[in-house]
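Engineer: protein_13.csv is reproduced in full below (CSV, C-alpha atoms and all ligand atoms).
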chain,number,residue,atom,x,y,z
A,1,MET,CA,-51.2,-34.9,3.7
A,2,THR,CA,-49.7,-36.1,7.0
A,3,TYR,CA,-49.1,-33.7,9.8
A,4,ASP,CA,-46.3,-33.8,12.4
A,5,PHE,CA,-47.6,-34.6,15.9
A,6,THR,CA,-44.2,-36.0,17.1
A,7,ASN,CA,-42.5,-32.7,17.8
A,8,CYS,CA,-43.4,-29.3,19.2
A,9,PRO,CA,-41.2,-26.2,19.0
A,10,ASP,CA,-39.8,-25.1,22.4
A,11,ARG,CA,-42.6,-23.0,23.9
A,12,ARG,CA,-40.5,-21.6,26.8
A,13,GLY,CA,-40.1,-17.9,26.5
A,14,THR,CA,-43.2,-17.5,24.3
A,15,GLY,CA,-45.5,-16.4,27.0
A,16,SER,CA,-47.1,-19.8,27.2
A,17,LEU,CA,-49.2,-20.0,30.3
A,18,LYS,CA,-48.7,-23.8,30.3
A,19,TRP,CA,-44.9,-23.7,30.2
A,20,GLU,CA,-44.1,-20.4,32.1
A,21,ARG,CA,-45.6,-21.9,35.3
A,22,TYR,CA,-42.5,-24.0,35.6
A,23,SER,CA,-40.0,-21.6,34.1
A,24,GLY,CA,-36.5,-22.4,35.2
A,25,ARG,CA,-37.5,-25.8,36.6
A,26,ASP,CA,-37.4,-29.3,35.1
A,27,VAL,CA,-41.1,-29.9,35.3
A,28,LEU,CA,-43.1,-31.2,32.3
A,29,PRO,CA,-46.3,-29.2,32.2
A,30,MET,CA,-49.2,-31.6,31.9
A,31,TRP,CA,-51.9,-29.3,33.3
A,32,VAL,CA,-53.8,-26.5,31.6
A,33,ALA,CA,-55.9,-27.6,28.6
A,34,ASP,CA,-53.8,-26.6,25.7
A,35,MET,CA,-51.8,-29.0,23.5
A,36,ASP,CA,-48.1,-29.1,22.6
A,37,PHE,CA,-48.8,-29.3,18.9
A,38,VAL,CA,-48.3,-26.9,16.1
A,39,SER,CA,-51.6,-25.8,14.6
A,40,ALA,CA,-52.7,-27.0,11.2
A,41,PRO,CA,-50.7,-25.4,8.4
A,42,GLU,CA,-53.9,-24.2,6.8
A,43,ILE,CA,-54.6,-22.1,9.9
A,44,VAL,CA,-51.1,-20.8,10.1
A,45,ALA,CA,-51.3,-19.8,6.4
A,46,ALA,CA,-54.6,-18.0,7.0
A,47,LEU,CA,-53.1,-16.0,9.9
A,48,GLN,CA,-50.1,-15.2,7.8
A,49,GLN,CA,-52.3,-14.0,5.0
A,50,ARG,CA,-54.3,-11.8,7.4
A,51,ALA,CA,-51.1,-10.4,8.8
A,52,ALA,CA,-49.8,-9.6,5.3
A,53,HIS,CA,-52.8,-7.4,4.7
A,54,GLY,CA,-51.2,-5.1,7.3
A,55,VAL,CA,-54.3,-3.2,8.4
A,56,PHE,CA,-55.7,-4.1,11.8
A,57,GLY,CA,-58.5,-1.8,12.5
A,58,TYR,CA,-61.7,-2.5,14.6
A,59,THR,CA,-63.1,-5.7,13.3
A,60,ILE,CA,-66.6,-7.1,13.1
A,61,PRO,CA,-67.4,-10.8,12.3
A,62,PRO,CA,-66.5,-11.2,8.6
A,63,ARG,CA,-69.5,-12.6,6.6
A,64,SER,CA,-67.4,-15.6,5.5
A,65,THR,CA,-66.5,-16.5,9.1
A,66,LEU,CA,-70.2,-16.3,10.2
A,67,GLU,CA,-71.2,-18.5,7.2
A,68,THR,CA,-68.5,-21.0,8.1
A,69,VAL,CA,-69.8,-21.3,11.7
A,70,LEU,CA,-73.4,-21.8,10.5
A,71,GLU,CA,-72.3,-24.5,8.1
A,72,TYR,CA,-70.1,-26.1,10.8
A,73,LEU,CA,-73.0,-26.3,13.2
A,74,GLN,CA,-75.3,-27.8,10.6
A,75,THR,CA,-72.9,-30.3,9.1
A,76,ARG,CA,-71.0,-31.4,12.2
A,77,HIS,CA,-73.7,-31.1,14.8
A,78,GLY,CA,-77.0,-31.2,13.0
A,79,VAL,CA,-77.9,-27.7,14.4
A,80,ALA,CA,-79.7,-25.3,12.1
A,81,ALA,CA,-78.7,-22.0,13.6
A,82,THR,CA,-79.4,-18.6,12.1
A,83,ALA,CA,-77.0,-15.6,11.9
A,84,GLU,CA,-78.9,-13.6,14.5
A,85,GLU,CA,-78.5,-16.5,17.0
A,86,ILE,CA,-74.7,-16.4,17.0
A,87,VAL,CA,-73.1,-14.3,19.7
A,88,TRP,CA,-69.3,-13.9,19.3
A,89,PHE,CA,-67.2,-13.8,22.5
A,90,PRO,CA,-63.5,-13.7,23.2
A,91,GLY,CA,-63.8,-16.8,25.4
A,92,LEU,CA,-66.1,-19.2,27.1
A,93,VAL,CA,-64.8,-18.2,30.6
A,94,PRO,CA,-66.0,-14.6,30.2
A,95,ALA,CA,-69.3,-16.0,28.7
A,96,LEU,CA,-69.8,-18.1,31.8
A,97,ASN,CA,-69.2,-15.1,34.0
A,98,VAL,CA,-71.5,-12.9,32.0
A,99,ALA,CA,-74.2,-15.6,32.1
A,100,CYS,CA,-74.1,-15.6,35.9
A,101,ARG,CA,-74.6,-11.9,36.0
A,102,ALA,CA,-77.2,-11.9,33.2
A,103,PHE,CA,-79.5,-14.6,34.4
A,104,VAL,CA,-79.1,-14.8,38.2
A,105,GLN,CA,-79.9,-12.0,40.7
A,106,PRO,CA,-78.4,-11.7,44.2
A,107,GLY,CA,-80.0,-14.3,46.5
A,108,GLU,CA,-80.5,-16.7,43.6
A,109,GLU,CA,-78.5,-19.7,42.6
A,110,VAL,CA,-76.6,-21.5,39.9
A,111,LEU,CA,-76.7,-25.3,39.7
A,112,THR,CA,-74.0,-27.5,38.2
A,113,CYS,CA,-72.6,-31.1,38.3
A,114,THR,CA,-69.2,-31.7,39.9
A,115,PRO,CA,-66.3,-32.4,39.5
A,116,VAL,CA,-66.1,-29.8,36.8
A,117,TYR,CA,-63.9,-27.2,35.1
A,118,PRO,CA,-63.1,-24.7,37.9
A,119,PRO,CA,-64.5,-21.5,36.2
A,120,PHE,CA,-68.0,-23.2,36.4
A,121,LEU,CA,-67.5,-22.8,40.2
A,122,SER,CA,-65.8,-19.4,40.3
A,123,ALA,CA,-68.3,-17.7,37.9
A,124,PRO,CA,-71.2,-17.7,40.4
A,125,GLU,CA,-68.9,-16.6,43.1
A,126,ASN,CA,-67.5,-13.7,41.0
A,127,ALA,CA,-71.1,-12.6,40.3
A,128,ASP,CA,-72.0,-12.8,44.1
A,129,VAL,CA,-74.7,-15.4,43.5
A,130,GLY,CA,-75.2,-18.8,45.1
A,131,LEU,CA,-74.0,-22.1,43.8
A,132,ARG,CA,-75.4,-25.6,44.3
A,133,LYS,CA,-73.3,-28.6,43.3
A,134,VAL,CA,-74.5,-32.0,42.6
A,135,ASP,CA,-71.9,-34.8,42.2
A,136,LEU,CA,-71.8,-36.9,39.1
A,137,VAL,CA,-72.1,-40.5,40.0
A,138,GLU,CA,-69.8,-43.2,38.8
A,139,LYS,CA,-71.0,-46.8,38.3
A,140,ASN,CA,-69.0,-49.6,36.7
A,141,GLY,CA,-66.5,-47.1,35.4
A,142,ILE,CA,-69.0,-44.8,33.8
A,143,TRP,CA,-69.8,-41.3,35.0
A,144,ASP,CA,-73.4,-40.2,34.9
A,145,VAL,CA,-75.8,-37.5,35.9
A,146,ASP,CA,-77.7,-38.1,39.1
A,147,PHE,CA,-81.1,-36.9,38.2
A,148,HIS,CA,-82.6,-37.6,41.6
A,149,ALA,CA,-80.0,-35.5,43.3
A,150,LEU,CA,-80.6,-32.7,40.8
A,151,GLU,CA,-84.3,-32.7,41.6
A,152,ASP,CA,-83.5,-32.6,45.3
A,153,ALA,CA,-81.0,-29.7,44.8
A,154,VAL,CA,-83.1,-27.4,42.6
A,155,THR,CA,-85.1,-24.7,44.5
A,156,PRO,CA,-87.3,-21.8,43.4
A,157,ARG,CA,-84.1,-19.7,43.7
A,158,THR,CA,-82.2,-21.7,41.1
A,159,LYS,CA,-82.1,-19.9,37.8
A,160,LEU,CA,-79.2,-21.3,35.8
A,161,PHE,CA,-77.9,-24.8,35.1
A,162,ILE,CA,-74.4,-25.0,33.7
A,163,PHE,CA,-73.4,-28.3,32.1
A,164,CYS,CA,-70.2,-29.5,30.4
A,165,ASN,CA,-70.5,-32.0,27.6
A,166,PRO,CA,-68.2,-33.6,26.6
A,167,HIS,CA,-67.1,-33.4,30.1
A,168,ASN,CA,-64.0,-31.8,31.6
A,169,PRO,CA,-62.5,-33.5,33.7
A,170,VAL,CA,-64.2,-36.9,33.5
A,171,GLY,CA,-64.0,-37.3,29.7
A,172,ARG,CA,-67.6,-38.4,29.3
A,173,VAL,CA,-69.6,-37.9,26.1
A,174,PHE,CA,-73.1,-37.9,27.6
A,175,PRO,CA,-75.7,-39.9,25.6
A,176,GLU,CA,-78.6,-38.4,23.8
A,177,ALA,CA,-81.1,-39.6,26.5
A,178,THR,CA,-79.1,-37.7,29.2
A,179,VAL,CA,-78.9,-34.5,27.2
A,180,ALA,CA,-82.6,-34.7,26.4
A,181,ARG,CA,-83.5,-35.3,30.0
A,182,LEU,CA,-81.3,-32.4,31.2
A,183,ALA,CA,-83.0,-30.0,28.7
A,184,GLU,CA,-86.4,-31.2,30.0
A,185,PHE,CA,-85.2,-30.7,33.6
A,186,CYS,CA,-84.3,-27.1,32.8
A,187,GLN,CA,-87.6,-26.4,31.1
A,188,LYS,CA,-89.6,-28.0,33.9
A,189,HIS,CA,-87.8,-25.7,36.5
A,190,ASN,CA,-87.6,-22.7,34.2
A,191,LEU,CA,-83.8,-22.7,34.3
A,192,VAL,CA,-81.5,-21.2,31.7
A,193,PHE,CA,-79.6,-24.2,30.3
A,194,ILE,CA,-75.9,-23.4,29.6
A,195,SER,CA,-74.4,-26.2,27.6
A,196,ASP,CA,-70.6,-25.8,27.3
A,197,GLU,CA,-69.6,-27.9,24.3
A,198,ILE,CA,-66.1,-26.6,23.8
A,199,HIS,CA,-64.7,-30.2,23.6
A,200,CYS,CA,-67.4,-31.5,21.1
A,201,ASP,CA,-65.0,-32.1,18.2
A,202,LEU,CA,-62.6,-34.1,20.3
A,203,VAL,CA,-64.7,-37.3,20.7
A,204,LEU,CA,-62.3,-40.2,20.6
A,205,ASP,CA,-64.6,-43.1,20.4
A,206,GLY,CA,-68.1,-44.2,21.3
A,207,ALA,CA,-71.3,-42.4,20.4
A,208,PRO,CA,-71.1,-39.0,18.8
A,209,HIS,CA,-71.6,-35.8,20.6
A,210,VAL,CA,-75.2,-34.6,21.0
A,211,SER,CA,-75.6,-30.9,21.2
A,212,GLY,CA,-77.9,-29.4,23.9
A,213,LEU,CA,-79.3,-27.3,21.0
A,214,ARG,CA,-81.0,-30.4,19.6
A,215,PHE,CA,-83.4,-30.2,22.6
A,216,ALA,CA,-83.3,-26.5,23.0
A,217,GLY,CA,-86.0,-25.0,25.2
A,218,PRO,CA,-86.6,-21.3,25.1
A,219,LYS,CA,-83.7,-20.6,27.5
A,220,THR,CA,-80.8,-22.6,26.0
A,221,VAL,CA,-77.3,-21.1,25.6
A,222,ALA,CA,-74.8,-23.4,23.8
A,223,MET,CA,-71.1,-22.5,23.9
A,224,PHE,CA,-68.5,-23.4,21.3
A,225,ALA,CA,-65.0,-22.5,20.3
A,226,PRO,CA,-62.4,-23.8,17.9
A,227,SER,CA,-59.8,-23.3,20.6
A,228,LYS,CA,-59.6,-26.8,22.2
A,229,THR,CA,-59.8,-28.9,19.0
A,230,PHE,CA,-57.5,-26.8,16.9
A,231,ASN,CA,-55.2,-25.5,19.8
A,232,LEU,CA,-56.1,-21.9,19.3
A,233,ALA,CA,-56.8,-20.8,22.9
A,234,GLY,CA,-54.4,-17.8,22.5
A,235,LEU,CA,-56.5,-16.4,19.6
A,236,ALA,CA,-59.4,-15.8,22.0
A,237,CYS,CA,-62.3,-16.6,19.7
A,238,ALA,CA,-65.5,-18.3,20.8
A,239,PHE,CA,-69.2,-18.2,19.8
A,240,LEU,CA,-72.4,-18.9,21.5
A,241,VAL,CA,-75.7,-20.0,20.0
A,242,ILE,CA,-78.7,-18.4,21.8
A,243,PRO,CA,-81.8,-19.2,19.8
A,244,ASP,CA,-84.3,-17.3,21.9
A,245,ALA,CA,-84.2,-13.5,21.2
A,246,ALA,CA,-85.2,-12.5,24.8
A,247,THR,CA,-82.5,-14.7,26.3
A,248,ARG,CA,-80.0,-13.4,23.8
A,249,ARG,CA,-80.8,-9.8,24.7
A,250,THR,CA,-80.5,-10.4,28.4
A,251,PHE,CA,-77.1,-12.0,27.9
A,252,GLN,CA,-75.9,-9.3,25.5
A,253,ARG,CA,-77.1,-6.5,27.8
A,254,ALA,CA,-75.0,-7.9,30.7
A,255,ALA,CA,-71.9,-7.9,28.5
A,256,ARG,CA,-72.4,-4.5,27.0
A,257,GLY,CA,-69.3,-2.3,27.3
A,258,LEU,CA,-67.3,-4.8,29.2
A,259,ILE,CA,-66.3,-7.5,26.8
A,260,THR,CA,-63.8,-6.7,24.0
A,261,GLU,CA,-64.4,-7.5,20.4
A,262,ILE,CA,-62.7,-10.5,18.9
A,263,ASN,CA,-59.6,-9.5,17.0
A,264,ALA,CA,-58.9,-10.0,13.4
A,265,PHE,CA,-56.7,-13.0,14.0
A,266,GLY,CA,-59.3,-14.7,16.1
A,267,TYR,CA,-61.8,-14.7,13.2
A,268,ALA,CA,-59.2,-15.7,10.7
A,269,GLY,CA,-58.1,-18.6,12.8
A,270,CYS,CA,-61.6,-19.7,13.5
A,271,GLU,CA,-62.7,-19.6,9.9
A,272,ALA,CA,-59.6,-21.5,8.6
A,273,ALA,CA,-60.0,-24.1,11.4
A,274,LEU,CA,-63.6,-24.9,10.7
A,275,ARG,CA,-63.2,-24.7,7.0
A,276,HIS,CA,-59.9,-26.4,6.4
A,277,GLY,CA,-58.8,-28.0,9.7
A,278,TRP,CA,-60.6,-31.3,9.6
A,279,PRO,CA,-57.9,-33.5,8.0
A,280,TRP,CA,-55.5,-32.2,10.7
A,281,ARG,CA,-58.2,-32.8,13.4
A,282,ASP,CA,-58.8,-36.4,12.2
A,283,GLN,CA,-55.1,-37.2,12.5
A,284,LEU,CA,-55.0,-35.5,15.9
A,285,LEU,CA,-57.7,-37.8,17.1
A,286,ASP,CA,-55.6,-40.8,16.1
A,287,VAL,CA,-52.7,-39.4,18.1
A,288,LEU,CA,-54.9,-38.6,21.1
A,289,ARG,CA,-56.5,-42.1,21.0
A,290,SER,CA,-53.0,-43.6,21.1
A,291,ASN,CA,-52.0,-41.3,23.9
A,292,ARG,CA,-55.2,-42.0,25.8
A,293,ASP,CA,-54.6,-45.8,25.5
A,294,LEU,CA,-51.0,-45.4,26.7
A,295,VAL,CA,-52.1,-43.5,29.8
A,296,GLU,CA,-54.8,-46.0,30.6
A,297,ASN,CA,-52.5,-49.0,30.1
A,298,PHE,CA,-49.6,-47.4,32.0
A,299,VAL,CA,-51.7,-46.4,34.9
A,300,THR,CA,-53.4,-49.8,35.1
A,301,THR,CA,-50.3,-51.8,34.9
A,302,VAL,CA,-47.5,-49.6,36.3
A,303,LEU,CA,-49.3,-47.3,38.7
A,304,PRO,CA,-52.1,-49.6,39.9
A,305,ALA,CA,-52.7,-47.6,43.1
A,306,ILE,CA,-54.1,-44.9,40.8
A,307,ARG,CA,-57.5,-45.3,39.2
A,308,THR,CA,-58.5,-43.8,35.9
A,309,TRP,CA,-61.5,-43.8,33.6
A,310,ARG,CA,-61.9,-44.3,29.8
A,311,VAL,CA,-61.6,-40.9,28.2
A,312,GLU,CA,-64.3,-40.8,25.6
A,313,ALA,CA,-63.5,-37.2,24.6
A,314,THR,CA,-60.9,-34.5,25.4
A,315,TYR,CA,-57.2,-35.0,25.9
A,316,LEU,CA,-57.6,-35.0,29.7
A,317,ALA,CA,-57.4,-38.0,31.9
A,318,TRP,CA,-58.9,-38.0,35.4
A,319,LEU,CA,-56.9,-39.8,38.0
A,320,ASP,CA,-57.9,-40.9,41.5
A,321,ALA,CA,-54.7,-41.0,43.5
A,322,ARG,CA,-56.4,-41.3,46.9
A,323,GLU,CA,-55.0,-44.7,47.6
A,324,LEU,CA,-51.5,-43.3,47.5
A,325,HIS,CA,-52.3,-41.5,50.8
A,326,LEU,CA,-50.1,-38.6,49.8
A,327,PRO,CA,-50.9,-35.3,51.6
A,328,ASN,CA,-50.7,-33.4,48.3
A,329,PRO,CA,-50.3,-35.6,45.2
A,330,ALA,CA,-50.1,-32.7,42.8
A,331,LYS,CA,-47.2,-31.2,44.7
A,332,PHE,CA,-45.6,-34.6,45.1
A,333,PHE,CA,-45.6,-35.2,41.3
A,334,GLU,CA,-44.5,-31.7,40.6
A,335,ASP,CA,-41.6,-32.1,42.9
A,336,HIS,CA,-40.7,-35.2,40.8
A,337,GLY,CA,-40.9,-33.3,37.5
A,338,VAL,CA,-44.5,-33.6,36.4
A,339,GLY,CA,-47.0,-30.7,36.6
A,340,LEU,CA,-50.5,-32.1,36.8
A,341,SER,CA,-53.8,-30.3,37.7
A,342,ASP,CA,-54.9,-30.7,41.3
A,343,GLY,CA,-58.5,-32.0,41.5
A,344,VAL,CA,-59.5,-29.9,44.4
A,345,PRO,CA,-60.4,-26.7,42.4
A,346,PHE,CA,-62.7,-29.0,40.3
A,347,SER,CA,-64.6,-29.6,43.5
A,348,ALA,CA,-63.3,-33.2,43.7
A,349,PRO,CA,-62.2,-34.7,47.0
A,350,ALA,CA,-58.5,-34.3,47.8
A,351,GLY,CA,-56.4,-36.9,46.0
A,352,PHE,CA,-57.7,-36.5,42.4
A,353,LEU,CA,-55.5,-35.3,39.6
A,354,ARG,CA,-56.0,-34.4,35.9
A,355,LEU,CA,-53.3,-35.3,33.3
A,356,ASN,CA,-53.2,-33.5,29.9
A,357,PHE,CA,-52.0,-36.0,27.3
A,358,GLY,CA,-52.3,-33.5,24.3
A,359,CYS,CA,-48.6,-33.6,23.6
A,360,PRO,CA,-46.0,-35.6,21.6
A,361,ARG,CA,-45.7,-39.2,22.6
A,362,SER,CA,-42.1,-38.7,23.7
A,363,GLN,CA,-43.2,-36.0,26.3
A,364,LEU,CA,-46.0,-38.3,27.5
A,365,ASP,CA,-43.6,-41.2,27.8
A,366,GLU,CA,-41.2,-39.1,29.9
A,367,ALA,CA,-44.0,-37.8,32.1
A,368,LEU,CA,-45.3,-41.3,32.9
A,369,ARG,CA,-41.8,-42.5,33.4
A,370,ARG,CA,-41.2,-39.7,36.0
A,371,MET,CA,-44.5,-40.5,37.7
A,372,ALA,CA,-43.5,-44.2,38.1
A,373,GLN,CA,-40.0,-43.2,39.3
A,374,ALA,CA,-41.5,-40.8,41.8
A,375,LEU,CA,-43.7,-43.6,43.3
A,376,ARG,CA,-40.8,-46.0,43.4
A,377,SER,CA,-38.6,-43.5,45.2
A,378,ARG,CA,-40.9,-42.6,48.0
A,401,LIG,C1,-65.2,-26.9,29.6
A,401,LIG,C2,-64.4,-25.8,29.2
A,401,LIG,N1,-65.0,-24.6,29.0
A,401,LIG,C3,-64.2,-23.5,28.7
A,401,LIG,C4,-62.9,-23.5,28.6
A,401,LIG,C5,-62.1,-22.3,28.3
A,401,LIG,O1,-62.7,-21.5,27.4
A,401,LIG,P1,-62.0,-20.2,26.8
A,401,LIG,O2,-60.5,-20.4,26.6
A,401,LIG,O3,-62.8,-20.0,25.6
A,401,LIG,O4,-62.3,-19.1,27.9
A,401,LIG,C6,-62.2,-24.8,28.8
A,401,LIG,C7,-60.8,-24.8,28.8
A,401,LIG,O5,-60.1,-25.8,29.2
A,401,LIG,C8,-63.0,-25.9,29.2
A,401,LIG,O6,-62.4,-27.1,29.4
Write the structure described by the file as structure tokens, please.
Structural biologist:
Amino acid sequence: MTYDFTNCPDRRGTGSLKWERYSGRDVLPMWVADMDFVSAPEIVAALQQRAAHGVFGYTIPPRSTLETVLEYLQTRHGVAATAEEIVWFPGLVPALNVACRAFVQPGEEVLTCTPVYPPFLSAPENADVGLRKVDLVEKNGIWDVDFHALEDAVTPRTKLFIFCNPHNPVGRVFPEATVARLAEFCQKHNLVFISDEIHCDLVLDGAPHVSGLRFAGPKTVAMFAPSKTFNLAGLACAFLVIPDAATRRTFQRAARGLITEINAFGYAGCEAALRHGWPWRDQLLDVLRSNRDLVENFVTTVLPAIRTWRVEATYLAWLDARELHLPNPAKFFEDHGVGLSDGVPFSAPAGFLRLNFGCPRSQLDEALRRMAQALRSR
């Protein structure tokens, strides 16, 4: 079966976070990480079937959904998890926030590598705990972890290390040696190792994703969701793998009474995605590779003052627009009809931007055309 990635129904007026930001304005939204594609028909059918049942009472994880997740972890990521180790959550952002409350006390600190997805930075602040940031280093076009800087930054007050792999926003799939060394670093310093792997099924090329669970020390928390890969963010369904019982209890205690259950549609969508969504996902990857190549070629040839990096995973391109010397590049492009993410909330220097290319080719073409036109007109 072939799926249609060339069109997306009009999302305006549907409560889409992505599109409502520019309601009433001619601005193409190329910011928040959701894609302008209809989900796999297998997922839509499963949701319709669940809706047709007509009873929507309190819901616990259906056995079949749990089994699907365990099988997924084993077959796709080589992780042998057990049912007890799975913690269902309505999203990874609340999970990051709960983790900062569960594992870090006032006066203690979280460590992370920047630039990074902004909730990694706001979660410690929301929990009133400290944050230490260590910059990723870029050499010959490849982003890497600076282990010397991490060793320099860690203190006896550091309790939690949060890592993003594959990485949002730099698009890197960190190699096995890096993941192993990070796990070892966390064990050496007795840190809880949070491995956010939400983009792990969006590897476009290069080496496959290596889960932090492969090197799990006693305090590893790996975070997954079908939401990025299958475009289901609005269904609010995620799951964590916390192999160690004591670590799991500490996490669950911090969430008690605060976090809602996942709803019936979240489970139905998750199960259908992980069981039947792979042919759709494979075709999606072809589309994303082609869009990734377009962005890379266009930026290099038509917008050479902007620098970008090869996106190994995700549908997000990281752009360095500092050479344009614009006071506010995100605002500049928005004023010219393209809504990009500003890099500053990712803890990047002013002048970085993130472009979401998870959309039909025609929309991407138009966004790039507008960016080129904007630079010509200034
Ligand atoms: C690295 C990362 N973690 C978490 C999330 C969001 O997770 P959720 O929608 O489950 O809260 C995103 C969304 O873009 C992300 O890129």
Engineer: For chain A against ligand LIG 401 (chain A), with a cut-off of 8 Å and counting only C-alpha atoms and all ligand atoms, what is the closest atom pair and its distance in Å to one decimal for every residue that makes the cut, ordered by chain and number, as CSV?
Structural biologist:
residue,atom,partner,partner_atom,distance
A:Val32,CA,A:LIG401,O5,6.8
A:Ala33,CA,A:LIG401,O5,4.6
A:Asp34,CA,A:LIG401,O5,7.3
A:Pro90,CA,A:LIG401,O3,6.8
A:Gly91,CA,A:LIG401,O3,3.4
A:Leu92,CA,A:LIG401,O3,3.7
A:Val93,CA,A:LIG401,O4,3.8
A:Pro94,CA,A:LIG401,O4,6.3
A:Ala95,CA,A:LIG401,O4,7.7
A:Val116,CA,A:LIG401,C1,7.8
A:Tyr117,CA,A:LIG401,C1,5.7
A:Pro119,CA,A:LIG401,C3,7.8
A:Cys164,CA,A:LIG401,C1,5.7
A:Asn165,CA,A:LIG401,C1,7.6
A:Pro166,CA,A:LIG401,C1,7.9
A:His167,CA,A:LIG401,C1,6.8
A:Asn168,CA,A:LIG401,C1,5.4
A:Pro169,CA,A:LIG401,O6,7.7
A:Asp196,CA,A:LIG401,C1,6.0
A:Glu197,CA,A:LIG401,C1,7.0
A:Ile198,CA,A:LIG401,N1,5.7
A:His199,CA,A:LIG401,C1,6.9
A:Phe224,CA,A:LIG401,O3,7.9
A:Ala225,CA,A:LIG401,O3,6.3
A:Ser227,CA,A:LIG401,O3,6.7
A:Lys228,CA,A:LIG401,C7,7.0
A:Ala233,CA,A:LIG401,O2,5.2
A:Gly234,CA,A:LIG401,O2,7.8
A:Ala236,CA,A:LIG401,O3,6.5
A:Cys237,CA,A:LIG401,O3,6.8
A:Ala238,CA,A:LIG401,O3,5.8
Engineer: Would you save the residues from that selection as an mmCIF file, in the coordinates of the input, using C-alpha atoms?
Structural biologist:
data_model
loop_
_atom_site.group_PDB
_atom_site.id
_atom_site.type_symbol
_atom_site.label_atom_id
_atom_site.label_comp_id
_atom_site.auth_asym_id
_atom_site.auth_seq_id
_atom_site.Cartn_x
_atom_site.Cartn_y
_atom_site.Cartn_z
ATOM 1 C CA VAL A 32 -53.800 -26.500 31.600
ATOM 2 C CA ALA A 33 -55.900 -27.600 28.600
ATOM 3 C CA ASP A 34 -53.800 -26.600 25.700
ATOM 4 C CA PRO A 90 -63.500 -13.700 23.200
ATOM 5 C CA GLY A 91 -63.800 -16.800 25.400
ATOM 6 C CA LEU A 92 -66.100 -19.200 27.100
ATOM 7 C CA VAL A 93 -64.800 -18.200 30.600
ATOM 8 C CA PRO A 94 -66.000 -14.600 30.200
ATOM 9 C CA ALA A 95 -69.300 -16.000 28.700
ATOM 10 C CA VAL A 116 -66.100 -29.800 36.800
ATOM 11 C CA TYR A 117 -63.900 -27.200 35.100
ATOM 12 C CA PRO A 119 -64.500 -21.500 36.200
ATOM 13 C CA CYS A 164 -70.200 -29.500 30.400
ATOM 14 C CA ASN A 165 -70.500 -32.000 27.600
ATOM 15 C CA PRO A 166 -68.200 -33.600 26.600
ATOM 16 C CA HIS A 167 -67.100 -33.400 30.100
ATOM 17 C CA ASN A 168 -64.000 -31.800 31.600
ATOM 18 C CA PRO A 169 -62.500 -33.500 33.700
ATOM 19 C CA ASP A 196 -70.600 -25.800 27.300
ATOM 20 C CA GLU A 197 -69.600 -27.900 24.300
ATOM 21 C CA ILE A 198 -66.100 -26.600 23.800
ATOM 22 C CA HIS A 199 -64.700 -30.200 23.600
ATOM 23 C CA PHE A 224 -68.500 -23.400 21.300
ATOM 24 C CA ALA A 225 -65.000 -22.500 20.300
ATOM 25 C CA SER A 227 -59.800 -23.300 20.600
ATOM 26 C CA LYS A 228 -59.600 -26.800 22.200
ATOM 27 C CA ALA A 233 -56.800 -20.800 22.900
ATOM 28 C CA GLY A 234 -54.400 -17.800 22.500
ATOM 29 C CA ALA A 236 -59.400 -15.800 22.000
ATOM 30 C CA CYS A 237 -62.300 -16.600 19.700
ATOM 31 C CA ALA A 238 -65.500 -18.300 20.800
#
Engineer: Measure the distance from CA of Gln373 (chain A) to CA of Gly337 (chain A) in Å and round it to one decimal.
Structural biologist: 10.1 Å
Engineer: Extract, using all atoms listed in the file, all DNA, RNA and protein residues at most 10 Å from region 146-150 of chain A, discarding same-chain residues fewer than 4 positions from it, and format them as JSON, numbers by chain.
Structural biologist: {"A": [111, 112, 113, 132, 133, 134, 135, 136, 137, 138, 154, 155, 178, 181, 182, 185]}
Engineer: So, counting only C-alpha atoms, which residue among A:Ile262, A:Leu324, A:Ala123, A:Ala330 is closest to Pro62 (chain A)?
Structural biologist: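 Result for the nearest residue to Pro62 (chain A): A:Ile262.
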Engineer: I need the residue nearest Phe193 (chain A) from this list: A:Ala254, A:Ala273, A:Leu96, A:Ala245. Use only C-alpha atoms for the distance.
Structural biologist: A:Leu96
Engineer: For the point (-63.2, -47.5, 33.5) in the file's frame, write as a PyMOL selection string all residues with an atom no more than 8 Å away, counting only C-alpha atoms.
Structural biologist: chain A and resi 140-142+308-310
Engineer: Write out as a Markdown table a residue-level contact list of region 38-87 of chain A versus region 207-216 of chain A with cut-off 8 Å: for each qualifying residue the closest pair of atoms and the distance in Å to one decimal, counting only C-alpha atoms, rows sorted by chain and residue number upward.
Structural biologist:
| residue | atom | partner | partner_atom | distance |
| --- | --- | --- | --- | --- |
| A:His77 | CA | A:Ser211 | CA | 6.7 |
| A:Gly78 | CA | A:Arg214 | CA | 7.8 |
| A:Val79 | CA | A:Arg214 | CA | 6.6 |
Engineer: For the point (-78.1, -13.6, 27.4) in file coordinates, what residues are within 10 Å, counting all atoms listed in the file? Give the answer as number ranges by chain?
Structural biologist: A: 87, 95, 98-103, 192, 219-221, 240, 242, 244-255
Engineer: Hey, what's within 8 Å of Ile43 (chain A) if we count only C-alpha atoms and toss same-chain stuff fewer than 3 positions away? As an mmCIF file with C-alpha atoms, in the coordinates of the input, please?
Structural biologist:
data_model
loop_
_atom_site.group_PDB
_atom_site.id
_atom_site.type_symbol
_atom_site.label_atom_id
_atom_site.label_comp_id
_atom_site.auth_asym_id
_atom_site.auth_seq_id
_atom_site.Cartn_x
_atom_site.Cartn_y
_atom_site.Cartn_z
ATOM 1 C CA SER A 39 -51.600 -25.800 14.600
ATOM 2 C CA ALA A 40 -52.700 -27.000 11.200
ATOM 3 C CA ALA A 46 -54.600 -18.000 7.000
ATOM 4 C CA LEU A 47 -53.100 -16.000 9.900
ATOM 5 C CA ALA A 268 -59.200 -15.700 10.700
ATOM 6 C CA GLY A 269 -58.100 -18.600 12.800
ATOM 7 C CA ALA A 272 -59.600 -21.500 8.600
ATOM 8 C CA ALA A 273 -60.000 -24.100 11.400
ATOM 9 C CA HIS A 276 -59.900 -26.400 6.400
ATOM 10 C CA GLY A 277 -58.800 -28.000 9.700
#
